[in-house]
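Novice: What follows is a single structure, and I will ask about it in a moment.
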Amino acid sequence: MKKNTNFSRRFFLKTTGAFTLLASIPAVLKATYIQVKEFIVPSKRIVPLTVSVNKKAYQLDSDTRTTLLDLLRENLDLTGTKKGCDHGQCGACTVHVDGERVLSCLTLSAMLVGKEVTTIEGIADGDHLHPMQEAFISCDGFQCGYCTPGQIMSAIACVKEGHTHSVEDIKEYMSGNLCRCGAYNGIVESIQKVAAS
Amino acid sequence: MKPFELIKVTNTKTALSHKKEQVQYIAGGTNLVDLMKKNIHLPDTLLDINDALIRHIDKKDNRIFIGAMVRNTEIATDKTVLKELPLLSKAVLAGASPQIRNMASTGGNILQRTRCPYFYDITTSCNKRIPGSGCSAYEGENRMSAVIGYSKDCVAVHPSDLCVAFVALDAQVHVIDTDHKKSIIPFQDFHRLPGNDPHLDNNLPEHALISFIEIPENPFARNCAYIKIRDRASYAFALVSVAAALHMQGDRIIDARLASGGVAHKPWRWLEAEEFLRGKNVSDLVFSQAADIIVGDLHPLAHNGFKSNMLKGAVETALAQCLVV
């Protein structure tokens, strides 16, 4: 017996047509889904970003919504800067931009073009800690340590700005950094120690 | 936070050409970024105006001009300001934290939104956030709210300290609108009372820019004080604050300025008390009488009756401190 292996032209057109149609459905569905999604959820804006942190230049693509704090922690793996409140109320995220202390949680990374960022990772000289870091250790300037990077960055600025004439002066100019353990006395002592040296 | 496009503009012409609905200007970002994180402000586009506007303090014809991009710290430490407008420096240093003062611009300080807890809580009604939704604070928790000039639709207060000093010193706001027309708004008329449309904080035309603040020559550099009372010693918004300035001739008050923060939807001038002080000789009694005139105008809400006594003390203290040179 000989098998009939001849396909008719009609059979060929019908099957290929059906497969093409079937294959195109998922694409149409997906395109519709994307259109609906974009209508409801606006798409991210990714921009190329060049930023200098601790004298090292980084180039990456970043969402315009990325704060400096999230950029440091999530993209650059510089997790020394801490996220406390994320709303500018606690000072845990304090870093220096062009030498001035600022809150990285309220700074948009995309606005930092041409500026120099310094974080807690950038203040030691190799294995030699910054004098403020040494002072925080010797004066018990911390307990749990979570607010400490922000405290130290703020303390360095406080000394540089010259607000160390009295305990009251130091407390006033360190009021943007909260410490829930209550290591304030040690922090004030650390600042006095560095200011005196 | 809703995604947005960020455009850096380098001159006012380009900045003002983006007249779309959901465009917002950004300078220091200390208030706006927070409001965006809380989904209270939802701009499609942010225009970074830091390089488009002036960032220095100038003196011309005995008038002082403060650029809109001048940072709070720069006002507080500027030599001309310290010598001729020390009240501005005192007010700035009473507000925020050193980090925020390094970031925050003068224009942004004037345009910052209220810190009423209901404005910040998007699960509650607030006429500032959603016009017509109702005021949760009027019959709710209103310890921090206004004691004068409020309406049933809004009892929020303006949070700035710097603006209290600006209004006391008869500052003027220089504005450029979207037709590139320049105009001047007296500081006293810049912010609004809530009335029936509290979603409007001020009289700045839509999408217009503040270019700088002008402060006329004044005789108040020697005798001025800023008293701020808050829940903690530093880094908190005012329960009440008082800017006081006296022009003295011996013991006689030739002219006086009194303004307050934490009491109303706008920085509040106490014109009646100023008038009372003119021509009087200084004494504790006169200061107390001036404070009584001020307190007599207040209409505290359910939870902020304490502001009356607090304000009386703050006014007396501020006036007395004016004389400590």
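Chain labels run A, B, ... following the order of the structure tokens; each chain numbers its residues from 1, and ligands are numbered from 1 in the order shown.
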Just want the 8 Å neighbourhood of Gln24 (chain B), counted on only C-alpha atoms, with same-chain residues fewer than 5 positions away dropped. Output as a PyMOL selection string.
Specialist: chain B and resi 43+45-47+207
Novice: From the DSSP assignment of the backbone, select every residue of chain A that is strand (DSSP E), and format the answer as a list of chain:residue names.
Specialist: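 In chain A, DSSP puts these residues in strand (DSSP E): A:Ile46, A:Val47, A:Pro48, A:Leu49, A:Thr50, A:Val51, A:Ser52, A:Val53, A:Lys56, A:Ala57, A:Tyr58, A:Gln59, A:Leu60, A:Asp61, A:Ser62, A:Asp63, A:Thr94, A:Val95, A:His96, A:Val97, A:Glu100, A:Arg101, A:Val102, A:Leu103, A:Glu116, A:Val117, A:Thr118.
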Novice: Within 7 Å of chain B, which residues of chain A show up? Give each one with its shortest atom-to-atom distance in Å (one decimal) and the two atoms involved, counting only C-alpha atoms, rows by chain then rising residue number, as a Markdown table.
Specialist:
```
| residue | atom | partner | partner_atom | distance |
| --- | --- | --- | --- | --- |
| A:Pro42 | CA | B:Pro3 | CA | 6.4 |
| A:Ser43 | CA | B:Pro3 | CA | 6.6 |
| A:Lys44 | CA | B:Pro3 | CA | 5.3 |
| A:Arg45 | CA | B:Glu5 | CA | 6.3 |
| A:Thr64 | CA | B:Leu6 | CA | 6.7 |
| A:Arg65 | CA | B:Pro3 | CA | 6.5 |
| A:His87 | CA | B:Asp34 | CA | 5.8 |
| A:Arg101 | CA | B:Gln99 | CA | 5.3 |
| A:Val102 | CA | B:Gln99 | CA | 4.4 |
| A:Leu103 | CA | B:Gln99 | CA | 6.1 |
| A:Leu106 | CA | B:Thr30 | CA | 5.7 |
| A:Thr107 | CA | B:Gly29 | CA | 6.8 |
| A:Glu172 | CA | B:Ser234 | CA | 6.5 |
| A:Tyr173 | CA | B:Pro98 | CA | 6.4 |
| A:Ser175 | CA | B:Tyr235 | CA | 6.0 |
| A:Gly176 | CA | B:Ser97 | CA | 4.7 |
```
Novice: For Leu87 (chain B), list every protein, DNA or RNA residue within 7 Å, evaluated using only C-alpha atoms, and leave out those in the same chain fewer than 4 positions away; present the list as a list of chain:residue names.
Specialist: B:Ala91, B:Ala165, B:Cys224, B:Ala225, B:Tyr226
Novice: From the set B:Ile253, B:Leu204, B:Met144, B:Leu271, which residue has the shortest atom-to-atom contact distance to Asp231 (chain B), counting only C-alpha atoms?
Specialist: B:Met144
Novice: Select from region 66-141 of chain A every residue with an atom at most 6 Å from any atom of region 184-190 of chain A, then for each give the shortest pair of atoms and their distance in Å to one decimal, using only C-alpha atoms, rows by chain and rising number, as JSON lines.
Specialist:
```
{"residue": "A:Ala135", "atom": "CA", "partner": "A:Ser190", "partner_atom": "CA", "distance": 4.9}
{"residue": "A:Phe136", "atom": "CA", "partner": "A:Ser190", "partner_atom": "CA", "distance": 5.4}
{"residue": "A:Cys139", "atom": "CA", "partner": "A:Gly186", "partner_atom": "CA", "distance": 5.3}
{"residue": "A:Asp140", "atom": "CA", "partner": "A:Gly186", "partner_atom": "CA", "distance": 5.2}
{"residue": "A:Gly141", "atom": "CA", "partner": "A:Gly186", "partner_atom": "CA", "distance": 4.1}
```
Novice: Just the selected residues (N, CA, C and O atoms), exported as an mmCIF file, in the first residue's frame, please.
Specialist:
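Saved as result.cif:
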```
data_model
loop_
_atom_site.group_PDB
_atom_site.id
_atom_site.type_symbol
_atom_site.label_atom_id
_atom_site.label_comp_id
_atom_site.auth_asym_id
_atom_site.auth_seq_id
_atom_site.Cartn_x
_atom_site.Cartn_y
_atom_site.Cartn_z
ATOM 1 N N ALA A 135 37.361 60.294 67.030
ATOM 2 C CA ALA A 135 36.751 60.942 68.197
ATOM 3 C C ALA A 135 35.443 60.262 68.587
ATOM 4 O O ALA A 135 35.167 60.067 69.772
ATOM 5 N N PHE A 136 34.635 59.882 67.596
ATOM 6 C CA PHE A 136 33.373 59.192 67.900
ATOM 7 C C PHE A 136 33.645 57.866 68.615
ATOM 8 O O PHE A 136 32.891 57.476 69.507
ATOM 9 N N CYS A 139 35.070 58.826 72.263
ATOM 10 C CA CYS A 139 34.127 59.529 73.145
ATOM 11 C C CYS A 139 32.774 58.812 73.253
ATOM 12 O O CYS A 139 31.814 59.393 73.769
ATOM 13 N N ASP A 140 32.678 57.589 72.753
ATOM 14 C CA ASP A 140 31.388 56.881 72.752
ATOM 15 C C ASP A 140 30.306 57.721 72.077
ATOM 16 O O ASP A 140 29.231 57.935 72.639
ATOM 17 N N GLY A 141 30.586 58.173 70.879
ATOM 18 C CA GLY A 141 29.637 59.037 70.176
ATOM 19 C C GLY A 141 28.507 58.284 69.506
ATOM 20 O O GLY A 141 27.805 58.842 68.667
#
```
Novice: Might you pull out every residue within 10 Å of region 148-164 of chain A, with only C-alpha atoms counted and same-chain residues fewer than 4 positions away left off, and present them as number ranges by chain?
Specialist: A: 80-84, 90-96, 99-103, 118-121, 123, 130-133, 135-136, 141-144, 168-179, 183-184, 187-188, 190-192, 194-196; B: 98-99
Novice: Need the shell around Ala168 (chain B): protein/DNA/RNA residues with any atom at most 12 Å away, counting only C-alpha atoms. Skip same-chain ones fewer than 2 positions apart. Format as a count of residues only?
Specialist: 41
Novice: What gap, in Å, lies between CA of Ile229 (chain B) and CA of Val295 (chain B)?
Specialist: 15.9 Å
Novice: Work out how far apart CA of Phe7 (chain A) and CA of Ile25 (chain A) are and give it in Å to one decimal.
Specialist: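 That distance, rounded to one decimal, is 26.5 Å.
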Novice: Ranking A:Gly126, A:Ala27, A:Ser109, A:Gln89 by minimum distance to Thr67 (chain A) and counting only C-alpha atoms, which one comes first?
Specialist: A:Ser109
Novice: How many Å lie between CA of Leu112 (chain A) and CA of Leu49 (chain A), rounded to one decimal?
Specialist: 8.9 Å
Novice: Can you check which residues of chain A DSSP gives as helix (DSSP H, G or I) on the backbone and send them as a VMD selection string?
Specialist: chain A and resid 9 to 40 68 to 75 104 to 106 109 to 111 120 to 122 131 to 138 148 to 161 167 to 173 184 to 196
Novice: Would you list the contacts of region 281-290 of chain B as a ChimeraX atom specification, taking every protein, DNA or RNA residue within 7 Å and counting only C-alpha atoms, but skipping same-chain residues closer than 5 positions in sequence?
Specialist: /B:251-253,273,276,316,319
Novice: Find the spatial neighbours of Phe65 (chain B), counting only C-alpha atoms, within a cut-off of 9 Å - ignore same-chain residues fewer than 2 positions away - and output them as a list in words.
Specialist: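 Skipping anything fewer than 2 positions along the chain leaves His56, Ile57, Asp58, Lys59, Lys60, Arg63, Gly67, Phe212, Ile213, Glu214, Ile215 and Pro216 of chain B.
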Novice: Would you mind exporting N, CA, C and O atoms of the selected residues as a PDB file, in the first residue's frame?
Specialist:
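Result file follows (selection.pdb):
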```pdb
ATOM      1  N   HIS B  56      22.828  85.554  43.968  1.00  0.00           N
ATOM      2  CA  HIS B  56      23.654  86.393  44.831  1.00  0.00           C
ATOM      3  C   HIS B  56      22.866  87.569  45.394  1.00  0.00           C
ATOM      4  O   HIS B  56      21.761  87.875  44.952  1.00  0.00           O
ATOM      5  N   ILE B  57      23.463  88.178  46.421  1.00  0.00           N
ATOM      6  CA  ILE B  57      22.806  89.276  47.121  1.00  0.00           C
ATOM      7  C   ILE B  57      23.493  90.566  46.708  1.00  0.00           C
ATOM      8  O   ILE B  57      24.716  90.667  46.775  1.00  0.00           O
ATOM      9  N   ASP B  58      22.692  91.541  46.253  1.00  0.00           N
ATOM     10  CA  ASP B  58      23.239  92.802  45.746  1.00  0.00           C
ATOM     11  C   ASP B  58      22.690  93.982  46.523  1.00  0.00           C
ATOM     12  O   ASP B  58      21.563  93.935  46.998  1.00  0.00           O
ATOM     13  N   LYS B  59      23.485  95.049  46.586  1.00  0.00           N
ATOM     14  CA  LYS B  59      22.978  96.278  47.179  1.00  0.00           C
ATOM     15  C   LYS B  59      23.042  97.377  46.120  1.00  0.00           C
ATOM     16  O   LYS B  59      24.107  97.610  45.534  1.00  0.00           O
ATOM     17  N   LYS B  60      21.896  97.971  45.847  1.00  0.00           N
ATOM     18  CA  LYS B  60      21.848  99.045  44.859  1.00  0.00           C
ATOM     19  C   LYS B  60      20.974 100.164  45.421  1.00  0.00           C
ATOM     20  O   LYS B  60      19.851  99.907  45.853  1.00  0.00           O
ATOM     21  N   ARG B  63      19.112  99.747  48.554  1.00  0.00           N
ATOM     22  CA  ARG B  63      18.103  98.683  48.608  1.00  0.00           C
ATOM     23  C   ARG B  63      18.828  97.359  48.404  1.00  0.00           C
ATOM     24  O   ARG B  63      19.785  97.295  47.627  1.00  0.00           O
ATOM     25  N   GLY B  67      18.620  87.300  45.303  1.00  0.00           N
ATOM     26  CA  GLY B  67      18.231  86.442  44.178  1.00  0.00           C
ATOM     27  C   GLY B  67      17.430  85.247  44.650  1.00  0.00           C
ATOM     28  O   GLY B  67      17.642  84.737  45.748  1.00  0.00           O
ATOM     29  N   PHE B 212      13.666  87.809  42.206  1.00  0.00           N
ATOM     30  CA  PHE B 212      14.386  88.188  43.427  1.00  0.00           C
ATOM     31  C   PHE B 212      13.481  88.923  44.399  1.00  0.00           C
ATOM     32  O   PHE B 212      12.359  89.283  44.073  1.00  0.00           O
ATOM     33  N   ILE B 213      14.008  89.109  45.611  1.00  0.00           N
ATOM     34  CA  ILE B 213      13.282  89.822  46.663  1.00  0.00           C
ATOM     35  C   ILE B 213      14.021  91.121  46.912  1.00  0.00           C
ATOM     36  O   ILE B 213      15.252  91.125  47.032  1.00  0.00           O
ATOM     37  N   GLU B 214      13.273  92.210  46.961  1.00  0.00           N
ATOM     38  CA  GLU B 214      13.891  93.511  47.209  1.00  0.00           C
ATOM     39  C   GLU B 214      13.496  93.971  48.616  1.00  0.00           C
ATOM     40  O   GLU B 214      12.330  93.880  49.005  1.00  0.00           O
ATOM     41  N   ILE B 215      14.484  94.467  49.356  1.00  0.00           N
ATOM     42  CA  ILE B 215      14.176  94.992  50.695  1.00  0.00           C
ATOM     43  C   ILE B 215      14.606  96.450  50.764  1.00  0.00           C
ATOM     44  O   ILE B 215      15.783  96.767  50.555  1.00  0.00           O
ATOM     45  N   PRO B 216      13.653  97.343  51.015  1.00  0.00           N
ATOM     46  CA  PRO B 216      13.980  98.766  51.019  1.00  0.00           C
ATOM     47  C   PRO B 216      14.874  99.120  52.209  1.00  0.00           C
ATOM     48  O   PRO B 216      14.923  98.389  53.197  1.00  0.00           O
TER      49      PRO B 216
END
```
